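Dropping protein.cif in here (mmCIF, C-alpha atoms):
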```cif
data_coords
loop_
_atom_site.label_atom_id
_atom_site.label_comp_id
_atom_site.auth_asym_id
_atom_site.auth_seq_id
_atom_site.Cartn_x
_atom_site.Cartn_y
_atom_site.Cartn_z
CA MET A 1 67.44 -26.53 26.80
CA SER A 2 68.89 -26.20 23.34
CA GLU A 3 66.42 -26.81 20.53
CA HIS A 4 68.85 -29.40 19.14
CA GLN A 5 68.62 -31.60 22.21
CA PRO A 6 65.98 -34.32 22.18
CA MET A 7 63.06 -33.74 24.48
CA GLY A 8 63.18 -35.57 27.77
CA LEU A 9 61.09 -36.11 30.88
CA SER A 10 62.56 -33.02 32.54
CA ASP A 11 60.83 -30.87 29.93
CA LEU A 12 57.40 -31.84 31.26
CA GLY A 13 57.53 -29.43 34.21
CA ARG A 14 55.41 -30.51 37.14
CA PHE A 15 54.48 -33.64 35.20
CA SER A 16 58.09 -34.88 35.08
CA GLU A 17 58.01 -36.95 38.24
CA PRO A 18 54.56 -38.53 37.73
CA SER A 19 55.58 -39.25 34.11
CA LEU A 20 58.63 -41.12 35.38
CA LEU A 21 56.40 -43.18 37.66
CA VAL A 22 53.96 -43.98 34.83
CA LEU A 23 56.72 -44.99 32.42
CA ALA A 24 58.36 -47.10 35.13
CA SER A 25 55.03 -48.81 35.73
CA LEU A 26 54.48 -49.55 32.03
CA VAL A 27 57.93 -51.16 31.68
CA GLU A 28 56.33 -54.19 33.29
CA GLY A 29 53.68 -54.43 30.56
CA PRO A 30 50.51 -52.70 29.33
CA LYS A 31 48.20 -51.34 32.02
CA HIS A 32 45.00 -49.28 32.15
CA GLY A 33 44.66 -46.14 34.23
CA TYR A 34 43.58 -47.61 37.53
CA ALA A 35 46.14 -50.43 37.29
CA ILE A 36 48.89 -47.82 36.80
CA MET A 37 47.70 -45.98 39.91
CA GLN A 38 47.72 -49.17 41.97
CA ASP A 39 51.15 -50.20 40.69
CA VAL A 40 52.69 -46.80 41.39
CA ALA A 41 51.24 -46.87 44.90
CA ALA A 42 52.72 -50.34 45.40
CA PHE A 43 56.27 -49.70 44.17
CA HIS A 44 56.68 -46.05 45.16
CA GLY A 45 54.06 -45.31 47.78
CA THR A 46 52.76 -42.36 45.76
CA ARG A 47 49.03 -41.97 45.40
CA LEU A 48 48.64 -40.74 41.82
CA GLU A 49 45.38 -38.83 41.46
CA PRO A 50 43.26 -39.29 38.30
CA GLY A 51 43.62 -35.67 37.15
CA THR A 52 47.39 -35.91 37.32
CA LEU A 53 47.48 -39.39 35.79
CA TYR A 54 45.50 -38.33 32.74
CA GLY A 55 47.49 -35.11 32.48
CA VAL A 56 50.53 -37.38 32.21
CA LEU A 57 48.96 -39.79 29.71
CA ALA A 58 47.87 -36.85 27.57
CA ARG A 59 51.48 -35.69 27.42
CA LEU A 60 53.18 -39.01 26.89
CA GLU A 61 50.86 -40.31 24.17
CA PRO A 62 51.25 -37.45 21.65
CA ARG A 63 55.02 -37.66 22.09
CA GLY A 64 54.89 -41.32 21.10
CA TRP A 65 56.34 -42.47 24.42
CA ILE A 66 53.31 -44.59 25.21
CA GLU A 67 50.65 -46.06 22.97
CA ALA A 68 46.95 -46.63 23.65
CA LEU A 69 45.78 -50.17 22.98
CA PRO A 70 42.21 -51.13 22.03
CA GLU A 71 39.66 -50.50 24.76
CA ALA A 72 38.41 -53.32 26.93
CA GLY A 73 35.04 -52.01 28.07
CA ARG A 74 35.68 -48.53 29.42
CA ARG A 75 39.27 -49.39 30.23
CA ARG A 76 42.00 -48.61 27.77
CA PRO A 77 45.42 -50.12 28.38
CA TYR A 78 48.59 -48.24 27.52
CA ARG A 79 51.93 -49.70 26.61
CA LEU A 80 55.45 -48.30 26.63
CA THR A 81 56.88 -47.72 23.15
CA GLU A 82 60.51 -48.03 22.11
CA ALA A 83 60.80 -44.23 22.09
CA GLY A 84 59.35 -44.14 25.61
CA ALA A 85 61.82 -46.78 26.79
CA GLU A 86 64.66 -44.72 25.33
CA VAL A 87 63.47 -41.55 27.10
CA LEU A 88 63.13 -43.48 30.36
CA ARG A 89 66.61 -44.98 29.93
CA ALA A 90 68.13 -41.52 29.37
CA HIS A 91 66.32 -40.10 32.39
CA LEU A 92 67.44 -42.95 34.64
CA GLY A 93 71.00 -42.38 33.44
CA ASN A 94 70.76 -38.75 34.58
CA LEU A 95 69.29 -39.78 37.91
CA GLU A 96 72.07 -42.34 38.40
CA ARG A 97 74.68 -39.65 37.87
CA VAL A 98 72.98 -37.49 40.49
CA VAL A 99 72.72 -40.39 42.92
CA ASP A 100 76.36 -41.43 42.41
CA THR A 101 77.63 -37.88 42.84
CA ALA A 102 75.50 -37.26 45.92
CA ARG A 103 76.60 -40.57 47.47
CA ALA A 104 80.26 -39.90 46.82
CA ARG A 105 80.09 -36.39 48.26
CA LEU A 106 78.04 -37.55 51.22
CA SER A 107 80.58 -40.28 51.98
CA ALA A 108 83.40 -37.75 51.81
CA ALA A 109 81.65 -35.21 54.01
CA HIS A 110 80.12 -37.67 56.47
CA PRO A 111 82.24 -40.83 56.29
CA GLY A 112 80.65 -42.45 59.33
CA GLY A 113 77.06 -42.40 58.00
CA ALA A 114 75.31 -45.58 56.88
CA MET A 115 74.60 -45.75 53.13
CA MET B 116 31.66 -37.64 39.19
CA LYS B 117 30.38 -36.80 35.72
CA ALA B 118 29.89 -33.22 36.91
CA LEU B 119 33.58 -33.03 37.73
CA LEU B 120 34.52 -34.32 34.31
CA ARG B 121 32.36 -31.67 32.67
CA LEU B 122 34.99 -29.16 33.75
CA TYR B 123 37.31 -30.68 31.14
CA PRO B 124 37.23 -29.53 27.50
CA ARG B 125 34.86 -31.47 25.25
CA ALA B 126 37.67 -32.86 23.10
CA TRP B 127 39.40 -34.12 26.22
CA ARG B 128 36.25 -35.81 27.50
CA ALA B 129 35.72 -37.45 24.12
CA ARG B 130 39.18 -38.98 24.35
CA TYR B 131 39.61 -39.73 28.06
CA GLY B 132 36.13 -39.29 29.62
CA ASP B 133 35.10 -42.96 29.80
CA GLU B 134 38.47 -44.07 31.10
CA MET B 135 38.55 -41.38 33.75
CA LEU B 136 35.03 -42.23 34.85
CA ASP B 137 36.09 -45.83 35.28
CA VAL B 138 39.13 -44.79 37.31
CA LEU B 139 37.06 -42.45 39.46
CA GLU B 140 34.55 -45.18 40.22
CA GLU B 141 37.36 -47.40 41.47
CA HIS B 142 39.36 -44.66 43.13
CA GLY B 143 36.59 -42.57 44.74
CA THR B 144 36.33 -38.79 44.83
CA GLY B 145 37.65 -37.39 48.08
CA TRP B 146 38.58 -33.73 48.45
CA ARG B 147 42.11 -34.38 47.24
CA THR B 148 40.83 -36.05 44.08
CA ARG B 149 38.37 -33.23 43.42
CA LEU B 150 41.11 -30.68 43.84
CA ASP B 151 43.35 -32.66 41.51
CA LEU B 152 40.58 -32.84 38.91
CA LEU B 153 40.04 -29.09 39.12
CA ARG B 154 43.72 -28.56 38.50
CA GLY B 155 43.69 -31.18 35.75
CA ALA B 156 40.74 -29.51 34.01
CA LEU B 157 42.49 -26.15 34.06
CA ASP B 158 45.63 -27.76 32.71
CA ALA B 159 43.65 -29.52 29.96
CA HIS B 160 42.10 -26.23 28.82
CA LEU B 161 45.49 -24.53 28.76
CA SER B 162 47.12 -27.47 26.97
CA LEU B 163 44.46 -27.50 24.27
CA ARG B 164 44.86 -23.77 23.73
CA ARG B 165 48.60 -24.16 23.43
CA ARG B 166 48.22 -27.05 21.00
CA GLU B 167 45.81 -25.09 18.81
CA ARG B 168 48.09 -22.10 18.71
CA PRO B 169 50.30 -22.17 15.64
CA THR B 170 54.02 -21.84 16.09
CA PRO B 171 54.94 -18.18 15.84
CA GLN B 172 56.88 -17.36 12.69
CA THR B 173 58.55 -14.21 11.57
CA THR B 174 57.90 -14.71 7.88
CA GLY B 175 55.10 -15.88 5.65
CA GLY B 176 51.42 -15.06 5.85
CA ILE B 177 49.80 -11.86 4.66
CA PRO B 178 51.97 -8.88 5.61
CA ILE B 179 50.71 -5.90 7.59
CA HIS B 180 52.78 -2.79 6.89
CA GLN B 181 53.45 0.51 8.54
CA PRO B 182 54.67 3.43 6.42
CA ASN B 183 58.09 4.70 7.26
CA ASP B 184 59.62 8.16 7.12
CA ASP B 185 59.12 10.04 3.86
CA GLY B 186 60.29 8.03 0.95
CA ALA B 187 61.57 5.11 2.97
CA PRO B 188 60.13 1.66 2.38
CA SER B 189 57.27 0.68 4.62
CA GLN B 190 58.03 -1.49 7.61
CA ARG B 191 56.39 -4.80 8.22
CA ILE B 192 54.62 -4.64 11.58
CA GLY B 193 52.75 -7.90 11.50
CA ARG B 194 51.06 -10.51 9.41
CA ILE B 195 47.86 -12.44 9.04
CA GLU B 196 48.16 -16.20 8.90
CA ILE B 197 45.39 -18.52 7.81
CA THR B 198 45.68 -22.03 9.24
CA PRO B 199 43.23 -24.87 8.52
CA THR B 200 41.36 -24.04 11.72
CA SER B 201 42.10 -20.46 12.61
CA LEU B 202 43.00 -16.97 11.63
CA VAL B 203 46.07 -15.63 13.41
CA VAL B 204 47.03 -11.97 13.56
CA HIS B 205 50.64 -11.45 14.61
CA MET B 206 51.82 -7.95 15.50
CA GLY B 207 55.52 -7.78 16.07
CA GLY B 208 57.16 -4.70 14.59
CA ASP B 209 59.94 -3.16 16.65
CA ARG B 210 57.99 0.03 17.17
CA LEU B 211 54.81 -1.68 18.22
CA LEU B 212 55.82 -4.35 20.65
CA GLY B 213 55.73 -1.96 23.54
CA VAL B 214 52.47 -0.43 22.44
CA ILE B 215 50.09 -3.33 22.09
CA CYS B 216 49.78 -5.16 25.31
CA GLY B 217 48.10 -8.47 24.52
CA LEU B 218 45.86 -8.34 21.50
CA SER B 219 43.47 -10.84 23.00
CA GLY B 220 44.34 -10.53 26.62
CA GLY B 221 46.42 -13.62 26.00
CA VAL B 222 49.72 -13.92 24.26
CA LYS B 223 51.40 -10.62 23.61
CA GLY B 224 51.18 -9.55 20.02
CA GLN B 225 49.18 -12.49 18.73
CA LEU B 226 45.47 -12.99 18.29
CA THR B 227 44.10 -16.39 17.30
CA VAL B 228 40.52 -16.65 16.12
CA PRO B 229 38.88 -19.98 15.19
CA LEU B 230 37.64 -19.74 11.61
CA GLU B 231 34.11 -20.56 12.71
CA HIS B 232 34.09 -17.34 14.75
CA VAL B 233 34.53 -15.23 11.62
CA THR B 234 31.12 -13.89 10.65
CA ARG B 235 32.08 -11.85 7.60
CA VAL B 236 35.07 -10.23 5.94
CA ASP B 237 34.68 -6.90 4.16
CA ALA B 238 37.23 -5.47 1.74
CA SER B 239 36.66 -2.01 3.20
CA ALA B 240 35.68 -0.29 6.44
CA PRO B 241 33.86 3.04 5.94
CA GLU B 242 34.28 3.86 9.62
CA ALA B 243 38.06 3.87 9.11
CA HIS B 244 37.65 7.30 7.52
CA HIS B 245 36.09 8.82 10.66
CA ARG B 246 38.35 11.37 12.20
CA VAL B 247 36.91 10.84 15.66
CA TRP B 248 36.23 7.38 16.92
CA LYS B 249 33.06 6.77 18.84
CA GLY B 250 34.94 5.11 21.59
CA TRP B 251 37.74 5.04 24.00
CA THR B 252 41.12 4.02 22.69
CA VAL B 253 43.06 1.67 24.91
CA ALA B 254 46.70 0.75 24.46
CA ALA B 255 46.96 2.35 21.07
CA LEU B 256 49.28 4.32 18.86
CA ASN B 257 47.22 6.78 16.86
CA LEU B 258 49.07 9.23 14.64
CA PRO B 259 46.44 10.56 12.20
CA GLY B 260 47.60 10.16 8.64
CA ARG B 261 50.48 7.93 9.69
CA VAL B 262 49.44 4.90 11.65
CA THR B 263 46.65 3.72 13.89
CA VAL B 264 47.16 0.61 15.93
CA GLY B 265 45.28 -0.36 19.02
CA ARG B 266 42.12 -1.52 20.66
CA VAL B 267 38.98 0.52 21.02
CA VAL B 268 35.96 0.05 23.22
CA HIS B 269 32.89 1.75 21.72
CA LEU B 270 31.11 4.06 24.10
CA PHE B 271 28.22 5.21 21.92
CA GLY B 272 25.82 3.98 19.30
CA ASP B 273 24.70 0.50 18.31
CA HIS B 274 28.07 -1.03 19.10
CA ARG B 275 28.38 0.35 22.62
CA GLY B 276 30.47 -1.89 24.84
CA GLU B 277 32.05 -3.74 21.91
CA TRP B 278 35.80 -3.92 21.38
CA THR B 279 37.46 -3.54 18.01
CA PHE B 280 41.09 -3.87 16.98
CA TRP B 281 42.76 -1.51 14.51
CA ALA B 282 46.03 -1.70 12.59
CA MET B 283 45.95 0.74 9.70
CA HIS B 284 47.38 3.81 8.09
CA ASP B 285 45.55 4.12 4.79
CA ALA B 286 41.80 3.91 5.37
CA ASP B 287 41.29 2.92 1.73
CA LYS B 288 43.35 -0.26 2.08
CA VAL B 289 41.77 -2.01 5.01
CA ILE B 290 39.78 -5.16 5.52
CA ALA B 291 37.22 -5.54 8.29
CA ILE B 292 36.97 -8.99 9.85
CA HIS B 293 33.72 -9.34 11.79
CA LEU B 294 33.76 -11.86 14.65
CA HIS B 295 31.36 -13.49 17.07
CA ASP B 296 32.04 -15.10 20.46
CA GLU B 297 35.39 -13.31 20.61
CA PHE B 298 36.76 -10.48 22.73
CA TYR B 299 36.89 -8.28 19.64
CA THR B 300 33.81 -7.96 17.46
CA LYS B 301 35.84 -6.56 14.57
CA LEU B 302 39.43 -6.35 13.37
CA VAL B 303 40.26 -3.54 10.98
CA ILE B 304 43.62 -4.22 9.38
CA GLU B 305 45.48 -2.62 6.51
CA VAL B 306 46.77 -4.99 3.86
CA ASP B 307 48.28 -4.51 0.41
CA ASP B 308 45.37 -6.12 -1.40
CA PRO B 309 42.11 -5.76 0.57
CA GLY B 310 39.94 -7.47 -2.05
CA GLY B 311 42.29 -10.44 -2.44
CA VAL B 312 42.87 -10.92 1.27
CA ALA B 313 39.17 -10.62 2.12
CA ALA B 314 38.39 -13.22 -0.54
CA GLU B 315 41.16 -15.52 0.72
CA ILE B 316 39.93 -15.42 4.31
CA THR B 317 36.32 -15.85 3.20
CA ARG B 318 37.33 -18.90 1.17
CA ALA B 319 39.14 -20.42 4.16
CA VAL B 320 36.19 -19.79 6.44
CA SER B 321 33.71 -21.15 3.90
CA SER B 322 35.64 -24.34 3.29
CA GLY B 323 36.22 -24.80 7.03
CA GLY B 324 32.58 -24.06 7.73
CA ALA B 325 31.44 -26.47 5.06
CA ALA B 326 33.68 -29.19 6.44
CA ARG B 327 32.47 -28.67 9.98
CA GLY B 328 28.89 -27.73 9.20
CA LEU B 329 29.45 -24.41 10.91
CA ASN B 330 29.07 -20.74 10.13
CA PRO B 331 26.09 -21.02 7.79
CA ALA B 332 26.19 -17.29 7.09
CA LEU B 333 29.46 -17.67 5.22
CA ALA B 334 28.95 -21.19 3.97
CA HIS B 335 25.87 -20.06 2.09
CA GLY B 336 27.10 -16.56 1.34
#
```

Reformat the file's structure so that it appears as structure tokens.
Amino acid sequence: MSEHQPMGLSDLGRFSEPSLLVLASLVEGPKHGYAIMQDVAAFHGTRLEPGTLYGVLARLEPRGWIEALPEAGRRRPYRLTEAGAEVLRAHLGNLERVVDTARARLSAAHPGGAM
Amino acid sequence: MKALLRLYPRAWRARYGDEMLDVLEEHGTGWRTRLDLLRGALDAHLSLRRRERPTPQTTGGIPIHQPNDDGAPSQRIGRIEITPTSLVVHMGGDRLLGVICGLSGGVKGQLTVPLEHVTRVDASAPEAHHRVWKGWTVAALNLPGRVTVGRVVHLFGDHRGEWTFWAMHDADKVIAIHLHDEFYTKLVIEVDDPGGVAAEITRAVSSGGAARGLNPALAHG
């Protein structure tokens, strides 16, 4: 990646995909750790483990993509920031291009398949 | 569960410990979770180290020089950088990159020492005048009278088993940085102004030590 390009989710290495899931979960509204895990399991079927989840939160927060809200007991909710929404939007745009291209090529190569 | 969290760095636990404990109580700790926490703890340690490491620069800091061929200007082979929390020795001269393989066993050509690990800084090192080192030189370039750069493990005497790092040519222009809880117990480095540099590092360590309540030897020195 050129140093002039803004940083995106793809730059987070093995944390890219779980970061996408966490950001997608927080679009709905602020959530604490366990609520994020439950939501991700519900909409994606992925069981996010706590070590991975907090590895993600520790990457997203310093980048200003999410923001920690005041603690409620031991639980601390996180919310998506504007910068985080922008990063998510850009990443989804990339994914859409991949999906569109793959669909078009698949249709051309295997026209009889159900899409 | 708390035992698993103890694998994480202290700073990490201070920030996320309570939250993670809450999550673990809800989530449970099966083998997959334990494995994930082990991986997470390792990642947290590496991330903290990366964050504490200053961005490498090619300029600035206190220069470390190597004399060149007769009459030619000396060549800069590295620099010492003092950050608010650490002392960083960068070695990066063209001639040396292939010689020094990992100053700290970590990043090639760069050694980062937290300021609180600096015990003392001397504006001279009498042992630099010794013609024969009391140790075994590892990964070094040693041309007597020209340049000496490398790491030494001491085989004899009071300092047996200790590692020291050397980057010098003129034994009269070196500083000796004494360390504790580090791979190296001492760094002997040639600088243009040994007295000034030793004082500058000592000041940084003292002010850092005073702020953190650490390193009483220097804070009261």

Next item on the list: List every protein, DNA or RNA residue with an atom no more than 12 Å from (47.4, -39.6, 26.8) in the file's coordinates, counting all atoms listed in the file, and format the result as a ChimeraX atom specification.
Entry: /A:19,22,32-33,51-69,76-80 /B:127-128,130-132,134-135,159

Note to self: Considering all atoms listed in the file, can you say which of B:Thr200, B:Leu120, B:Ile292, B:Asp307 comes closest to Asp151 in chain B?
What the structure shows: B:Leu120

Next item on the list: Please report as a count of residues only which residues of chain A come no farther than 6 Å from chain B, using all atoms listed in the file.
Entry: 5

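Atom to atom, CA of Pro18 in chain A and CA of Gly73 in chain A stand 25.6 Å apart.
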
Next item on the list: Find the distance between CA of Gly8 in chain A and CA of Ala42 in chain A and write it in Å to one decimal.
Entry: 25.3 Å

Notebook entry, point to check: At what distance in Å, to one decimal, does CA of Glu297 in chain B lie from CA of Pro241 in chain B?
Noted result: 22.0 Å

Item checked: Output check: residues returned by the PyMOL selection byres ((chain B and resi 294) around 6), as a VMD selection string -> chain B and resid 232 to 234 293 295 300 to 301

Note to self: Give me the residues near Val27 in chain A as a PyMOL selection string, where near means some atom within 10 Å (using all atoms listed in the file) and where sequence neighbours in that chain fewer than 2 positions away do not count.
What the structure shows: chain A and resi 22-25+29-31+79-81+84-85+88

Take the selection from the previous step and output its residues with C-alpha atoms, as a compact mmCIF listing (two decimals), in the coordinates of the input.
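Output (selection29.txt):
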```txt
# COMPACT_ATOMS: atom_id res chain seq x y z
CA VAL A 22 53.96 -43.98 34.83
CA LEU A 23 56.72 -44.99 32.42
CA ALA A 24 58.36 -47.10 35.13
CA SER A 25 55.03 -48.81 35.73
CA GLY A 29 53.68 -54.43 30.56
CA PRO A 30 50.51 -52.70 29.33
CA LYS A 31 48.20 -51.34 32.02
CA ARG A 79 51.93 -49.70 26.61
CA LEU A 80 55.45 -48.30 26.63
CA THR A 81 56.88 -47.72 23.15
CA GLY A 84 59.35 -44.14 25.61
CA ALA A 85 61.82 -46.78 26.79
CA LEU A 88 63.13 -43.48 30.36
```

Checklist line | Using all atoms listed in the file: which of A:Ser107, A:Leu20, A:Phe15, A:Ala72 has the shortest distance to Arg89 in chain A | finding: A:Leu20
